[in-house]
Structure formats: C-alpha cells, structure tokens
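This is final-v6.txt (compact mmCIF, C-alpha atoms and all ligand atoms).
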# COMPACT_ATOMS: atom_id res chain seq x y z
CA MET Y 20 34.09 24.87 20.02
CA ALA Y 21 33.50 25.08 16.26
CA PHE Y 22 31.14 22.59 14.67
CA LYS Y 23 30.77 21.98 10.96
CA LEU Y 24 28.01 19.59 9.92
CA TYR Y 25 28.12 17.95 6.51
CA ASN Y 26 24.54 16.97 5.92
CA ALA Y 27 21.47 17.17 3.73
CA PRO Y 28 18.31 19.10 4.63
CA GLN Y 29 15.95 16.17 3.96
CA SER Y 30 18.19 13.42 5.36
CA THR Y 31 16.61 11.75 8.36
CA CYS Y 32 19.99 10.93 9.89
CA SER Y 33 21.08 14.55 9.52
CA GLN Y 34 17.87 15.72 11.20
CA ARG Y 35 18.80 13.82 14.37
CA VAL Y 36 22.07 15.70 14.62
CA ARG Y 37 20.60 19.10 13.76
CA PHE Y 38 17.97 18.57 16.49
CA VAL Y 39 20.60 17.89 19.17
CA LEU Y 40 22.81 20.81 18.06
CA ASN Y 41 19.79 23.12 18.09
CA ALA Y 42 18.52 21.84 21.42
CA LYS Y 43 21.92 22.46 22.97
CA GLN Y 44 22.10 25.85 21.26
CA LEU Y 45 25.46 24.96 19.76
CA PRO Y 46 26.14 27.14 16.72
CA PHE Y 47 27.23 25.12 13.69
CA ALA Y 48 28.18 25.73 10.11
CA GLU Y 49 26.19 23.64 7.70
CA VAL Y 50 27.63 22.14 4.53
CA LYS Y 51 24.67 20.96 2.46
CA LEU Y 52 25.28 17.98 0.18
CA ASN Y 53 23.05 17.13 -2.75
CA LEU Y 54 22.57 13.39 -2.31
CA LEU Y 55 20.80 12.86 -5.63
CA GLU Y 56 23.72 14.45 -7.44
CA GLY Y 57 26.18 12.26 -5.54
CA ASP Y 58 28.04 14.87 -3.45
CA GLN Y 59 28.38 12.20 -0.75
CA LEU Y 60 30.40 10.02 -3.14
CA LYS Y 61 33.03 12.58 -4.08
CA PRO Y 62 36.63 11.69 -3.14
CA ASP Y 63 37.08 14.61 -0.73
CA TYR Y 64 33.92 13.71 1.18
CA LEU Y 65 34.80 9.99 1.21
CA LYS Y 66 38.03 10.94 3.00
CA LEU Y 67 35.85 12.28 5.83
CA ASN Y 68 33.18 9.59 5.70
CA PRO Y 69 34.22 6.41 3.88
CA ASN Y 70 30.62 5.15 4.09
CA GLY Y 71 29.57 7.80 1.56
CA VAL Y 72 26.57 8.91 3.58
CA VAL Y 73 25.58 11.93 5.64
CA PRO Y 74 25.88 13.21 8.31
CA THR Y 75 29.51 13.87 9.22
CA LEU Y 76 30.49 16.19 12.05
CA ASP Y 77 33.74 18.13 12.13
CA HIS Y 78 34.43 19.37 15.66
CA ASP Y 79 37.53 21.56 15.74
CA GLY Y 80 39.07 19.27 13.11
CA ALA Y 81 38.02 15.99 14.76
CA VAL Y 82 35.74 14.03 12.44
CA VAL Y 83 32.84 12.01 13.84
CA ILE Y 84 30.53 9.93 11.65
CA ASP Y 85 27.25 8.07 12.08
CA SER Y 86 24.27 9.99 13.38
CA THR Y 87 23.65 8.10 16.62
CA VAL Y 88 27.37 8.17 17.42
CA ILE Y 89 27.41 11.90 16.68
CA THR Y 90 24.46 12.58 18.97
CA GLU Y 91 26.13 10.63 21.79
CA TYR Y 92 29.38 12.49 21.12
CA LEU Y 93 27.59 15.86 21.31
CA ASP Y 94 25.99 14.84 24.59
CA GLU Y 95 29.44 14.03 25.97
CA VAL Y 96 31.24 17.18 24.85
CA SER Y 97 28.32 19.44 25.71
CA PRO Y 98 26.58 17.79 28.68
CA ALA Y 99 24.35 20.76 29.55
CA THR Y 100 20.77 20.01 28.40
CA SER Y 101 21.60 16.31 28.58
CA PHE Y 102 19.79 13.76 26.43
CA THR Y 103 21.28 10.81 28.34
CA PRO Y 104 19.86 9.46 31.60
CA GLU Y 105 22.02 9.31 34.71
CA SER Y 106 21.83 5.66 35.64
CA PRO Y 107 23.87 3.08 33.73
CA VAL Y 108 20.82 0.81 33.48
CA ALA Y 109 18.72 3.57 31.89
CA ARG Y 110 21.63 4.43 29.56
CA ALA Y 111 21.87 0.82 28.47
CA HIS Y 112 18.13 0.80 27.81
CA MET Y 113 18.40 3.99 25.76
CA ARG Y 114 21.23 2.52 23.66
CA ALA Y 115 19.33 -0.72 23.12
CA LEU Y 116 16.38 1.31 21.87
CA MET Y 117 18.68 3.26 19.55
CA HIS Y 118 19.93 -0.01 18.07
CA PHE Y 119 16.35 -1.19 17.61
CA ILE Y 120 15.47 2.12 15.95
CA ASP Y 121 18.38 1.90 13.50
CA GLU Y 122 17.54 -1.68 12.64
CA MET Y 123 13.76 -1.28 12.34
CA PRO Y 124 12.09 2.10 11.60
CA ALA Y 125 15.18 3.97 10.38
CA ALA Y 126 16.00 1.19 7.91
CA ALA Y 127 12.40 0.50 6.90
CA VAL Y 128 11.59 4.13 6.16
CA ARG Y 129 14.11 4.11 3.29
CA VAL Y 130 11.81 1.89 1.23
CA PRO Y 131 8.80 4.26 1.02
CA THR Y 132 11.19 7.22 0.84
CA PHE Y 133 13.04 5.90 -2.18
CA ASN Y 134 9.93 4.55 -3.89
CA LEU Y 135 7.84 7.68 -3.42
CA ALA Y 136 10.38 10.49 -3.54
CA PHE Y 137 13.63 9.49 -5.23
CA LEU Y 138 12.55 6.93 -7.84
CA PRO Y 139 11.62 9.53 -10.50
CA SER Y 140 15.21 10.87 -10.46
CA PHE Y 141 16.63 7.38 -10.93
CA GLN Y 142 14.14 6.64 -13.71
CA LYS Y 143 15.55 9.54 -15.71
CA MET Y 144 19.01 7.91 -15.77
CA SER Y 145 20.17 5.52 -18.47
CA ARG Y 146 20.53 1.92 -17.29
CA GLU Y 147 24.34 2.22 -17.45
CA ASP Y 148 24.39 5.48 -15.46
CA PHE Y 149 22.08 4.02 -12.84
CA ILE Y 150 24.22 0.90 -12.36
CA ALA Y 151 27.40 2.99 -12.21
CA HIS Y 152 25.78 5.32 -9.65
CA ALA Y 153 24.61 2.38 -7.51
CA GLU Y 154 27.98 0.67 -7.70
CA SER Y 155 29.79 3.81 -6.56
CA LYS Y 156 27.99 3.66 -3.19
CA PRO Y 157 30.10 2.10 -0.43
CA ILE Y 158 27.26 0.89 1.81
CA ARG Y 159 24.01 1.44 -0.12
CA ARG Y 160 24.96 -0.35 -3.37
CA GLU Y 161 22.80 -3.46 -2.84
CA PHE Y 162 19.89 -1.40 -1.54
CA LEU Y 163 19.81 0.71 -4.69
CA LEU Y 164 20.31 -2.26 -7.02
CA ALA Y 165 17.44 -4.06 -5.26
CA MET Y 166 15.20 -1.06 -5.86
CA GLY Y 167 16.28 -0.79 -9.48
CA GLN Y 168 14.63 1.70 -11.79
CA THR Y 169 11.16 0.27 -11.32
CA GLY Y 170 11.09 0.67 -7.55
CA PHE Y 171 10.62 -1.82 -4.75
CA PRO Y 172 7.72 -4.19 -5.46
CA LYS Y 173 4.54 -4.08 -3.40
CA ALA Y 174 5.63 -6.99 -1.18
CA GLU Y 175 8.77 -5.07 -0.23
CA MET Y 176 6.74 -1.91 0.52
CA ASP Y 177 4.29 -3.94 2.63
CA ASN Y 178 7.19 -5.46 4.58
CA ALA Y 179 8.64 -2.02 5.27
CA LEU Y 180 5.28 -0.65 6.41
CA GLY Y 181 4.86 -3.73 8.63
CA ARG Y 182 8.26 -3.11 10.22
CA LEU Y 183 7.35 0.52 10.80
CA ARG Y 184 4.06 -0.49 12.39
CA ARG Y 185 5.89 -2.84 14.76
CA ALA Y 186 8.18 0.06 15.69
CA TYR Y 187 5.21 2.32 16.52
CA GLU Y 188 3.77 -0.48 18.66
CA ARG Y 189 7.11 -0.85 20.45
CA MET Y 190 7.13 2.90 21.08
CA GLU Y 191 3.61 2.72 22.52
CA ALA Y 192 4.67 -0.11 24.84
CA GLU Y 193 7.88 1.67 25.92
CA ILE Y 194 6.03 4.91 26.70
CA GLU Y 195 3.39 3.01 28.66
CA LYS Y 196 6.10 1.15 30.63
CA SER Y 197 8.15 4.27 31.38
CA GLY Y 198 5.13 6.39 32.28
CA GLY Y 199 5.93 8.78 29.42
CA PRO Y 200 5.61 11.21 27.88
CA TRP Y 201 8.97 10.19 26.34
CA LEU Y 202 10.30 6.74 25.57
CA LEU Y 203 12.35 6.62 28.76
CA GLY Y 204 9.95 8.53 30.98
CA LYS Y 205 9.77 12.17 31.93
CA ASP Y 206 12.91 13.33 30.13
CA ILE Y 207 13.51 13.38 26.39
CA SER Y 208 16.50 11.22 25.43
CA LEU Y 209 18.64 10.39 22.43
CA ALA Y 210 16.28 7.48 21.70
CA ASP Y 211 13.43 9.94 21.09
CA VAL Y 212 15.68 11.98 18.81
CA ALA Y 213 16.76 8.85 16.96
CA VAL Y 214 13.22 7.79 16.07
CA MET Y 215 11.81 11.29 15.43
CA PRO Y 216 12.80 11.60 11.74
CA ALA Y 217 11.16 8.30 10.74
CA LEU Y 218 7.79 9.46 12.07
CA VAL Y 219 8.19 12.94 10.62
CA ARG Y 220 8.99 11.31 7.26
CA MET Y 221 5.95 9.02 7.38
CA HIS Y 222 3.76 11.97 8.35
CA ASP Y 223 5.21 13.91 5.41
CA LEU Y 224 4.46 10.98 3.10
CA GLY Y 225 0.82 11.04 4.22
CA MET Y 226 1.03 7.89 6.36
CA ALA Y 227 0.58 9.21 9.89
CA HIS Y 228 -2.69 7.28 10.07
CA GLN Y 229 -0.53 4.22 10.78
CA TRP Y 230 -0.19 5.27 14.43
CA GLN Y 231 -3.56 6.98 14.83
CA ASP Y 232 -4.85 4.18 17.09
CA LEU Y 233 -1.80 4.47 19.39
CA PRO Y 234 -2.60 7.32 21.81
CA ARG Y 235 0.82 7.55 23.45
CA VAL Y 236 2.65 7.69 20.13
CA THR Y 237 0.18 10.29 18.84
CA LYS Y 238 0.88 12.45 21.89
CA TRP Y 239 4.63 11.80 21.63
CA PHE Y 240 4.56 13.02 18.03
CA ASP Y 241 2.80 16.25 19.06
CA ASN Y 242 5.28 16.71 21.91
CA ILE Y 243 8.39 16.31 19.80
CA ARG Y 244 7.08 18.69 17.15
CA ALA Y 245 6.46 21.25 19.93
CA GLN Y 246 10.09 21.17 21.08
CA PRO Y 247 11.91 24.48 20.49
CA ALA Y 248 14.64 22.61 18.54
CA TYR Y 249 12.12 21.20 16.07
CA THR Y 250 11.51 24.28 13.91
CA PRO Y 251 15.17 25.21 13.31
CA THR Y 252 15.88 21.55 12.56
CA TYR Y 253 13.10 21.25 9.99
CA TYR Y 254 13.80 24.50 8.16
CA HIS Y 255 12.16 24.90 4.77
CA GLY Y 256 13.33 22.19 2.38
CA SER Y 257 13.77 19.55 5.09
CA LEU Y 258 10.52 17.81 4.25
CA LEU Y 259 10.37 15.79 1.06
CA SER Y 260 7.00 17.31 0.19
CA GLU Y 261 8.66 20.74 0.19
CA ARG Y 262 11.39 19.56 -2.13
CA PHE Y 263 9.58 17.29 -4.60
CA PRO Y 264 6.51 18.80 -6.28
CA HIS Y 265 5.39 15.38 -7.54
CA LEU Y 266 4.91 14.31 -3.91
CA ARG Y 267 2.70 17.27 -3.07
CA GLU Y 268 0.43 16.24 -5.90
CA ALA Y 269 0.49 12.54 -4.98
CA ILE Y 270 -0.15 12.98 -1.28
CA LYS Y 271 -3.01 14.70 0.45
CA GLN Y 272 -1.00 16.37 3.17
CA PRO Y 273 -2.36 15.90 6.67
CA THR Y 274 -1.97 18.89 8.98
N1 LIG V 301 24.08 4.84 9.92
C1 LIG V 301 24.26 6.07 9.20
C2 LIG V 301 23.37 6.06 8.00
C3 LIG V 301 23.51 7.34 7.22
C4 LIG V 301 22.62 7.36 5.97
O1 LIG V 301 22.05 6.34 5.56
N2 LIG V 301 22.48 8.55 5.40
C5 LIG V 301 21.67 8.72 4.21
C6 LIG V 301 20.74 9.90 4.38
S1 LIG V 301 19.66 9.68 5.79
C7 LIG V 301 22.58 9.01 3.04
O2 LIG V 301 23.51 9.75 3.16
N3 LIG V 301 22.27 8.42 1.88
C8 LIG V 301 23.05 8.66 0.72
C9 LIG V 301 23.00 7.54 -0.25
O3 LIG V 301 22.17 6.64 -0.10
O4 LIG V 301 23.80 7.58 -1.19
C10 LIG V 301 23.96 7.25 10.12
O5 LIG V 301 23.07 7.10 10.98
O6 LIG V 301 24.61 8.29 10.00

As a first step, turn the structure in this file into structure tokens.
Ligand SMILES: N[C@@H](CCC(=O)N[C@@H](CS)C(=O)NCC(=O)O)C(=O)O
Amino acid sequence: MAFKLYNAPQSTCSQRVRFVLNAKQLPFAEVKLNLLEGDQLKPDYLKLNPNGVVPTLDHDGAVVIDSTVITEYLDEVSPATSFTPESPVARAHMRALMHFIDEMPAAAVRVPTFNLAFLPSFQKMSREDFIAHAESKPIRREFLLAMGQTGFPKAEMDNALGRLRRAYERMEAEIEKSGGPWLLGKDISLADVAVMPALVRMHDLGMAHQWQDLPRVTKWFDNIRAQPAYTPTYYHGSLLSERFPHLREAIKQPT
C-alpha cells in the first residue's frame, strides 16, 4: 500500500490524518502545499480536490478527500490499531461527535487562526489581489471576504471563542459520561483525533487557559500529547508559533 498525502504542516485538518497514519505506522510520502501562496488553488491540485483545501490522500492512485473521511478510510483499509469502536451504537456516537467537532471547534478555530496568524500576509496584498485571491477559493471565498484585510471584528472573535468554550464543555461532559480518559471511554477513537488539532492550535495561540477549569479536558490534552503518534505528527513547523515570528512575540507561550 502506497500512501501520498497532500497536506500542509500547520493545517489542522492535515494533522488529523498525519496522526492516524503515524499511529498505524503506515509509511507515507508527504507533498507539502504552501496555503498562503495558493498551492491548493492550482489547477492540478483542484483536479484532485475540487474544494481547494488540504488534506488529500492518494492511496495507490485512489483519491480520498476530507480529513474525517480520510481517517475513517484509513481505519477501514488498515484496521489494525483501530480507532473505531466495535458496536454500531458506539460508532454512531463517534460519528455524531465528529460532526459536532467539524461544525463547532474545527470551524470556530479558523477565526482566531486567521486573525492572529494569517492576517499580516493578507494585509500585504493590494485590495485587488486580495479580492482575486479570495474569489479563487471554491469553499472558503465568503469566509475570507468576511475577514477582509482588517480581520474579523471583536464580536466575531468573541463568538468563535464562545463556540470553542462550548466544545470544551461538551468534551468534559462526554469524558465524564464515558468514564474516560478518552471521549468514548477507555480507547482513543477518531473523535479524539478529530478534535485534537483545535486544542493544540488554541494552546499554541496562548489560549489553553480556556479549559483550565475542566479537569477531564486538561488530562485528555496531556494524554493525547503523550501518544507516540503525536511527535511525528507535529514535526517542527507544524505549530503556527514555529512558523510565524510575529506570533512568538505576541504570545507568551505556555509550556
Ligand atoms: N472539511 C475539510 C476542510 C479542509 C480545510 O479547511 N483545510 C484548510 C486547512 S486546515 C485549507 O486547506 N485551507 C486552505 C484555504 O483556506 O484556502 C477537511 O476536513 O478536510
């Protein structure tokens, strides 16, 4: 089985897939796209992924897109070290959580990410170039136009942080209900992998204090960072603070 992953080091969706590949010890070739330079919008890439986003997995020539779909696909083609529970009811619960995660924390985390990390790059563009860049995006056009070159306003940031907070609270409740230490109980699942990058991102942006009062989430965060697959997934350059010097200056990094 030959895997080629089109992705970006700092992309949260890519990090989900790298984590599963690493956990399953599946060797993969990595094609790194520069998202700020628009590699994901080039015609050849759009043929693979018409959404113009990463990640995209090529498995022996079969193309699979969308990170949660890719992680489920990997669990099906390589079922050893499974991330999917046995019972259909538990599987349904895991998938429902993955939908919640995509709708809430994974979507909300884009607002602080773009405002704090990517905005300076967009501010360097002329108005015309910025509009043309935004309009070339198949699924993120409106998001970028809403951010504009001045960034999302405070109300929008507060909404995103509120949505993230509700997601941490949901995690706390799920872990309590399942008995932990993972969302579904004693075994790590694709739902844990799906939410991991949002918390890693918020930690990297200096906002881990948002779940400090939630003991189960705090422990969950320590546990996921202690997984053997974590370090190869977050190789140097995967954190925004490693890539953007202006962030290192702006944020007092927690340990
Ligand atoms: N639902 C998709 C979303 C993918 C996505 O939003 N990818 C981001 C990086 S995490 C991206 O490629 N952004 C490029 C852009 O905004 O132009 C998935 O989970 O794969």

Test item: residues no farther than 8 Å from ligand LIG 301 (chain V), counting all atoms listed in the file, as a ChimeraX atom specification: /Y:26-27,29-33,54-55,57,59-60,71-75,84-88,121,156,158-159,163

Within 7 Å of segment 207-212 of chain Y using all atoms listed in the file, minus same-chain residues under 6 positions, as a list of chain:residue names: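 Once the nearby chain positions are removed, what remains is Y:Arg35, Y:Phe102, Y:Thr103, Y:Met113, Y:Leu116, Y:Met117, Y:Trp201.
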
Output for the residues just chosen: C-alpha atoms as a short mmCIF file (atom, residue, chain, number, x, y, z; two decimals), in the coordinates of the input:
data_model
loop_
_atom_site.label_atom_id
_atom_site.label_comp_id
_atom_site.auth_asym_id
_atom_site.auth_seq_id
_atom_site.Cartn_x
_atom_site.Cartn_y
_atom_site.Cartn_z
CA ARG Y 35 18.80 13.82 14.37
CA PHE Y 102 19.79 13.76 26.43
CA THR Y 103 21.28 10.81 28.34
CA MET Y 113 18.40 3.99 25.76
CA LEU Y 116 16.38 1.31 21.87
CA MET Y 117 18.68 3.26 19.55
CA TRP Y 201 8.97 10.19 26.34
#

I need the residue nearest Thr252 of chain Y from this list: Y:Leu224, Y:Val128, Y:Met215, Y:Met123. Use only C-alpha atoms for the distance.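 Once distances to Thr252 of chain Y are computed over only C-alpha atoms, the minimum belongs to Y:Met215.
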
Interatomic distance, atom CA of Ser145 of chain Y to atom CA of Arg262 of chain Y (Å, one decimal):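 Atom-to-atom, atom CA of Ser145 of chain Y and atom CA of Arg262 of chain Y are spaced 23.3 Å apart.
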
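The shell of residues at most 9 Å from Ala192 of chain Y, with all atoms listed in the file counted and near chain neighbours (fewer than 5 positions) removed, consists of Y:Tyr187, Y:Ser197, Y:Leu202, Y:Arg235.
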
Written file, previous selection with C-alpha atoms, as a tab-separated table (two decimals), in the coordinates of the input:
chain	number	residue	atom	x	y	z
Y	187	TYR	CA	5.21	2.32	16.52
Y	197	SER	CA	8.15	4.27	31.38
Y	202	LEU	CA	10.30	6.74	25.57
Y	235	ARG	CA	0.82	7.55	23.45

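Here atom CA of Tyr249 of chain Y and atom CA of Arg267 of chain Y stand 21.7 Å from one another.
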
Is there a way to complete segment 75-86 of chain Y with all heavy atoms and then write that out as a PDB file, in the coordinates of the input?
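Output (selection_35.pdb):
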ATOM      1  N   THR Y  75      28.155  13.917   8.675  1.00  0.00           N
ATOM      2  CA  THR Y  75      29.510  13.870   9.220  1.00  0.00           C
ATOM      3  C   THR Y  75      29.701  15.157  10.028  1.00  0.00           C
ATOM      4  O   THR Y  75      29.357  16.236   9.536  1.00  0.00           O
ATOM      5  CB  THR Y  75      30.555  13.824   8.085  1.00  0.00           C
ATOM      6  OG1 THR Y  75      30.381  12.603   7.356  1.00  0.00           O
ATOM      7  CG2 THR Y  75      31.981  13.881   8.636  1.00  0.00           C
ATOM      8  N   LEU Y  76      30.239  15.005  11.218  1.00  0.00           N
ATOM      9  CA  LEU Y  76      30.490  16.190  12.050  1.00  0.00           C
ATOM     10  C   LEU Y  76      31.986  16.450  12.132  1.00  0.00           C
ATOM     11  O   LEU Y  76      32.772  15.523  12.371  1.00  0.00           O
ATOM     12  CB  LEU Y  76      29.945  15.964  13.474  1.00  0.00           C
ATOM     13  CG  LEU Y  76      30.092  17.156  14.424  1.00  0.00           C
ATOM     14  CD1 LEU Y  76      29.087  18.253  14.096  1.00  0.00           C
ATOM     15  CD2 LEU Y  76      29.931  16.704  15.879  1.00  0.00           C
ATOM     16  N   ASP Y  77      32.360  17.695  11.899  1.00  0.00           N
ATOM     17  CA  ASP Y  77      33.740  18.130  12.130  1.00  0.00           C
ATOM     18  C   ASP Y  77      33.710  19.041  13.361  1.00  0.00           C
ATOM     19  O   ASP Y  77      33.051  20.080  13.352  1.00  0.00           O
ATOM     20  CB  ASP Y  77      34.246  18.882  10.889  1.00  0.00           C
ATOM     21  CG  ASP Y  77      35.660  19.441  11.078  1.00  0.00           C
ATOM     22  OD1 ASP Y  77      35.961  19.914  12.187  1.00  0.00           O
ATOM     23  OD2 ASP Y  77      36.431  19.421  10.111  1.00  0.00           O
ATOM     24  N   HIS Y  78      34.391  18.596  14.408  1.00  0.00           N
ATOM     25  CA  HIS Y  78      34.430  19.370  15.660  1.00  0.00           C
ATOM     26  C   HIS Y  78      35.868  19.806  15.888  1.00  0.00           C
ATOM     27  O   HIS Y  78      36.706  18.978  16.284  1.00  0.00           O
ATOM     28  CB  HIS Y  78      33.908  18.506  16.809  1.00  0.00           C
ATOM     29  CG  HIS Y  78      34.012  19.183  18.137  1.00  0.00           C
ATOM     30  ND1 HIS Y  78      34.061  18.510  19.328  1.00  0.00           N
ATOM     31  CD2 HIS Y  78      34.066  20.501  18.472  1.00  0.00           C
ATOM     32  CE1 HIS Y  78      34.163  19.354  20.327  1.00  0.00           C
ATOM     33  NE2 HIS Y  78      34.168  20.563  19.838  1.00  0.00           N
ATOM     34  N   ASP Y  79      36.150  21.055  15.611  1.00  0.00           N
ATOM     35  CA  ASP Y  79      37.530  21.560  15.740  1.00  0.00           C
ATOM     36  C   ASP Y  79      38.534  20.651  15.038  1.00  0.00           C
ATOM     37  O   ASP Y  79      39.612  20.368  15.580  1.00  0.00           O
ATOM     38  CB  ASP Y  79      37.913  21.711  17.218  1.00  0.00           C
ATOM     39  CG  ASP Y  79      37.142  22.835  17.908  1.00  0.00           C
ATOM     40  OD1 ASP Y  79      36.729  23.779  17.217  1.00  0.00           O
ATOM     41  OD2 ASP Y  79      36.950  22.744  19.137  1.00  0.00           O
ATOM     42  N   GLY Y  80      38.149  20.113  13.880  1.00  0.00           N
ATOM     43  CA  GLY Y  80      39.070  19.270  13.110  1.00  0.00           C
ATOM     44  C   GLY Y  80      38.942  17.782  13.403  1.00  0.00           C
ATOM     45  O   GLY Y  80      39.469  16.959  12.654  1.00  0.00           O
ATOM     46  N   ALA Y  81      38.244  17.418  14.480  1.00  0.00           N
ATOM     47  CA  ALA Y  81      38.020  15.990  14.760  1.00  0.00           C
ATOM     48  C   ALA Y  81      36.763  15.554  14.007  1.00  0.00           C
ATOM     49  O   ALA Y  81      35.726  16.213  14.102  1.00  0.00           O
ATOM     50  CB  ALA Y  81      37.851  15.762  16.247  1.00  0.00           C
ATOM     51  N   VAL Y  82      36.862  14.457  13.274  1.00  0.00           N
ATOM     52  CA  VAL Y  82      35.740  14.030  12.440  1.00  0.00           C
ATOM     53  C   VAL Y  82      34.992  12.881  13.127  1.00  0.00           C
ATOM     54  O   VAL Y  82      35.605  11.899  13.555  1.00  0.00           O
ATOM     55  CB  VAL Y  82      36.244  13.587  11.047  1.00  0.00           C
ATOM     56  CG1 VAL Y  82      35.111  12.995  10.213  1.00  0.00           C
ATOM     57  CG2 VAL Y  82      36.876  14.778  10.322  1.00  0.00           C
ATOM     58  N   VAL Y  83      33.675  13.046  13.231  1.00  0.00           N
ATOM     59  CA  VAL Y  83      32.840  12.010  13.840  1.00  0.00           C
ATOM     60  C   VAL Y  83      31.754  11.652  12.837  1.00  0.00           C
ATOM     61  O   VAL Y  83      31.108  12.539  12.273  1.00  0.00           O
ATOM     62  CB  VAL Y  83      32.190  12.506  15.162  1.00  0.00           C
ATOM     63  CG1 VAL Y  83      31.475  11.358  15.869  1.00  0.00           C
ATOM     64  CG2 VAL Y  83      33.224  13.135  16.083  1.00  0.00           C
ATOM     65  N   ILE Y  84      31.560  10.349  12.597  1.00  0.00           N
ATOM     66  CA  ILE Y  84      30.530   9.930  11.650  1.00  0.00           C
ATOM     67  C   ILE Y  84      29.491   9.037  12.344  1.00  0.00           C
ATOM     68  O   ILE Y  84      29.741   8.523  13.425  1.00  0.00           O
ATOM     69  CB  ILE Y  84      31.124   9.188  10.414  1.00  0.00           C
ATOM     70  CG1 ILE Y  84      31.804   7.876  10.823  1.00  0.00           C
ATOM     71  CG2 ILE Y  84      32.091  10.091   9.657  1.00  0.00           C
ATOM     72  CD1 ILE Y  84      32.180   6.987   9.630  1.00  0.00           C
ATOM     73  N   ASP Y  85      28.395   8.880  11.663  1.00  0.00           N
ATOM     74  CA  ASP Y  85      27.250   8.070  12.080  1.00  0.00           C
ATOM     75  C   ASP Y  85      26.372   8.840  13.070  1.00  0.00           C
ATOM     76  O   ASP Y  85      26.811   9.180  14.166  1.00  0.00           O
ATOM     77  CB  ASP Y  85      27.659   6.708  12.661  1.00  0.00           C
ATOM     78  CG  ASP Y  85      26.570   5.693  12.379  1.00  0.00           C
ATOM     79  OD1 ASP Y  85      25.530   5.727  13.064  1.00  0.00           O
ATOM     80  OD2 ASP Y  85      26.703   4.923  11.431  1.00  0.00           O
ATOM     81  N   SER Y  86      25.113   9.035  12.649  1.00  0.00           N
ATOM     82  CA  SER Y  86      24.270   9.990  13.380  1.00  0.00           C
ATOM     83  C   SER Y  86      24.081   9.657  14.857  1.00  0.00           C
ATOM     84  O   SER Y  86      24.131  10.549  15.704  1.00  0.00           O
ATOM     85  CB  SER Y  86      22.915  10.141  12.689  1.00  0.00           C
ATOM     86  OG  SER Y  86      22.252   8.907  12.611  1.00  0.00           O
TER      87      SER Y  86
END
